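Chemist: The structure that follows is given in the form of structure tokens.
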Amino acid sequence: MAEPLRVVIIGGGLGGLCLAQGLRRAGVEAAVYERDAALASRRQGYRLHVDSRAAQGLRACLPAELYQLFLATCGQPSRQLTVVTKRLRPMRTVRSPSAGSPSAGSPSAGPPLSTSVDRLTLREILGTGLADVVHFGREFTHFSGGGRDGDEHRPVRAHFRDGSAVTGDVLVAADGVGSRVREQYLPHALVADTGTRCIYGKTLISEPVAAVLPAFLTDGFAAVIGSRRVGMALGAVRFVTRPDEAALAVPGASLSAERDFVMWSVAGQQAAFPGGDEALSRSTGRQLHAVALKMIRTWHPDLRALLAAAEPEETFSVRVRAASPVPLWPPTNVTLLGDAIHAMSPARGSGANIALLDAGNLARSLARAERGELPVRDAVHAYEAQMVDYGFAAVRDSLAVHREGGGVLARLRAAAESRR
């Protein structure tokens with residue numbers, strides 16, 4: 001009897017965990033190595049827009065009960081995107097063509113999906129049942145071996161900062177925009193700084209916050225046009241079912257007791273932020289919160305009140321980067337998914353959706369190799385040929401939005417167009 005296929009996944013973000021779920025479901029041996037000490041060790045964002053691309057990947061990878069838990073813990077459906085001025089005067093409203101309840105339909109067919117999720121909740125769902133698969137505190141440094149020299153059966157070895165190493169038949173880079181796997185494996189696949197910076201924050205929806213919350217946030221996402229230098233994005237997450245309560249119906253699941261909240265981000269070019277990158281990088285959450293408040297000090301009082309009520313320590317900054325598309329490379333037993341290969345601007349809301357789609361597609365391809373239907377290298381090629389096409393198309397699309405007019409104003413206006 002042939003030895004089972006062994007897959008080593010570097011990175012325990014959304015894409016890496018989703019892939020691990022899909023491989024386990026297909027009977028493929030998988031192990032995830034994550035440098036952080038736990039799922040919630042650092043701030044990585046709050047609200048994510050999810051659509052049918054994410055649903056396709058999640059349906060392919062998750063057991064039915066976890067897919068239903070995902071649906072139960074989504075936010076209320078996103079029905080529209082609203083563009084307003086900093087005085088909250090409406091500029092445009094774009095209805096979502098796929099607005100509808102995420103709980104409708106079946107896991108096999110699935111409804112059109114347009115809604116929001118809490119990133120931590122989704123990551124906890126993806127990690128459910130993987131306690132023996134996910135290894136925290138393991139910082140990847142480099143790999144050795146692999147099939148680059150023509151022998152596709154040659155194992156690949158992943159090395160870690162603590163001096164340890166593990167061997168697998170396939171190595172998957174799911175380690176994000178700063179991927180060390182990509183830097184070694186595809187050094188010509190570069191990631192460029194777009195020049196945009198964002199300060200992200202989270203405001204719980206208490207009674208006082210609900211009183212100042214713009215009515216249009218009930219129906220979806222919003223873009224606030226401040227100037228050509230500064231804009232704001234707003235999105236509420238109102239859970240269909242509170243995560244910790246929904247988890248009670250799924251044996252073995254345990255989700256944090258998250259409350260309804262508003263995710264906000266203040267975005268602009270580097271020069272729009274006092275002190276530039278140096279100040280952003282060394283600022284605490286409270287200091288970043290103060291900077292965001294200062295940047296919107298002349299805006300509508302309700303927007304200022306919304307930011308003032310945020311949890312200051314939950315505020316963090318992001319430098320927006322985007323991958324430079326590269327032609328398809330010869331396949332080996334090393335491959336990549338998500339931001340590790342096609343990082344993109346958040347303008348189109350595609351990054352997480354495509355990472356989850358990657359996970360579903362790669363899980364299916366590697367399952368074929370496990371069943372003996374394809375050699376490993378052919379399975380990897382089948383995945384990469386698809387992924388390079390749709391992944392870099394999404395990168396180009398997001399960059400086109402970003403570059404139109406050269407500023408945040410154009411990016412946010414174009415975001416409205418993307419919801420048509």
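By order in the structure tokens, chains are A, B, ...; within a chain, residues start at 1; ligands start at 1, following the order shown.
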Where in segment 209-390 of chain A does DSSP assign strand (DSSP E), given as number ranges by chain?
Modeler: A: 220-225, 230-237, 261-269, 316-323, 334-336
Chemist: Quick one: everything within 12 Å of Met387 of chain A, counting only C-alpha atoms, minus sequence neighbours fewer than 6 positions away in the same chain. Send it as a list in words.
Modeler: Pro325, Val326, Pro327, Leu328, Trp329, Thr335, Leu336, Leu337, Gly338, Asp339, Ile341, His342, Ile354, Ala355, Leu356, Leu357, Asp358, Ala359, Gly360, Asn361, Leu362, Ser365, Val380, His381, Ala393, Ala394 and Val395 of chain A
Chemist: Neighbouring residues of Leu88 of chain A were defined as those with any atom within 9 Å, considering only C-alpha atoms; residues of the same chain fewer than 3 positions away were excluded. Please report them as a PyMOL selection string.
Modeler: chain A and resi 83-85+91+214+224+299-300+302-303
Chemist: Restricting it to N, CA and C atoms, dump the selection as a tab-separated table (two decimals), in the first residue's frame.
Modeler:
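Ended up saving to selection20.tsv:
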```tsv
chain	number	residue	atom	x	y	z
A	83	VAL	N	-21.83	55.41	-0.88
A	83	VAL	CA	-20.74	56.39	-0.91
A	83	VAL	C	-21.31	57.73	-0.43
A	84	VAL	N	-20.65	58.29	0.59
A	84	VAL	CA	-21.11	59.56	1.16
A	84	VAL	C	-19.93	60.50	1.30
A	85	THR	N	-20.24	61.78	1.53
A	85	THR	CA	-19.21	62.76	1.81
A	85	THR	C	-18.87	62.72	3.29
A	91	MET	N	-23.71	60.30	-1.96
A	91	MET	CA	-23.20	60.51	-3.31
A	91	MET	C	-23.70	59.42	-4.25
A	214	PRO	N	-24.74	55.65	11.24
A	214	PRO	CA	-25.48	56.01	10.03
A	214	PRO	C	-26.41	54.88	9.60
A	224	VAL	N	-16.55	56.69	2.73
A	224	VAL	CA	-16.68	58.11	3.05
A	224	VAL	C	-15.58	58.87	2.31
A	299	TRP	N	-14.85	66.37	10.22
A	299	TRP	CA	-15.89	65.60	9.57
A	299	TRP	C	-17.18	65.63	10.41
A	300	HIS	N	-18.20	64.95	9.92
A	300	HIS	CA	-19.51	64.93	10.59
A	300	HIS	C	-19.36	64.45	12.03
A	302	ASP	N	-21.16	62.63	13.88
A	302	ASP	CA	-21.47	61.21	14.10
A	302	ASP	C	-20.29	60.31	13.74
A	303	LEU	N	-19.56	60.68	12.71
A	303	LEU	CA	-18.37	59.90	12.35
A	303	LEU	C	-17.30	60.05	13.42
```
Chemist: Neighbours of segment 272-280 of chain A within 8 Å (only C-alpha atoms; same-chain residues fewer than 2 positions away dropped), as a list in words?
Modeler: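 Residues meeting the cut-off are Arg229, Val230, Gly268, Gln269, Gln270, Arg282, Ser283, Leu288, Val291 and Ser317 of chain A.
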Chemist: What's around Thr82 of chain A at 7 Å? Count only C-alpha atoms, leave out sequence neighbours fewer than 3 positions away in its own chain, and write the answer as a list in words.
Modeler: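 Answer for this query is Arg92, Thr93, Val94, Phe216, Phe221, Ala222 and Ala223 of chain A.
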Chemist: Based on the selection just made, write C-alpha atoms of those residues as a compact mmCIF listing (two decimals), in the first residue's frame.
Modeler:
```txt
# COMPACT_ATOMS: atom_id res chain seq x y z
CA ARG A 92 -24.15 57.10 -4.59
CA THR A 93 -25.83 53.85 -3.57
CA VAL A 94 -25.02 50.62 -5.39
CA PHE A 216 -27.01 53.06 5.63
CA PHE A 221 -20.55 48.69 3.45
CA ALA A 222 -19.85 52.41 3.14
CA ALA A 223 -17.12 54.60 1.67
```
Chemist: What separation in Å, quoted to one decimal, exists between atom CA of Ser179 of chain A and atom CA of Asp397 of chain A?
Modeler: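 A separation of 22.0 Å between them.
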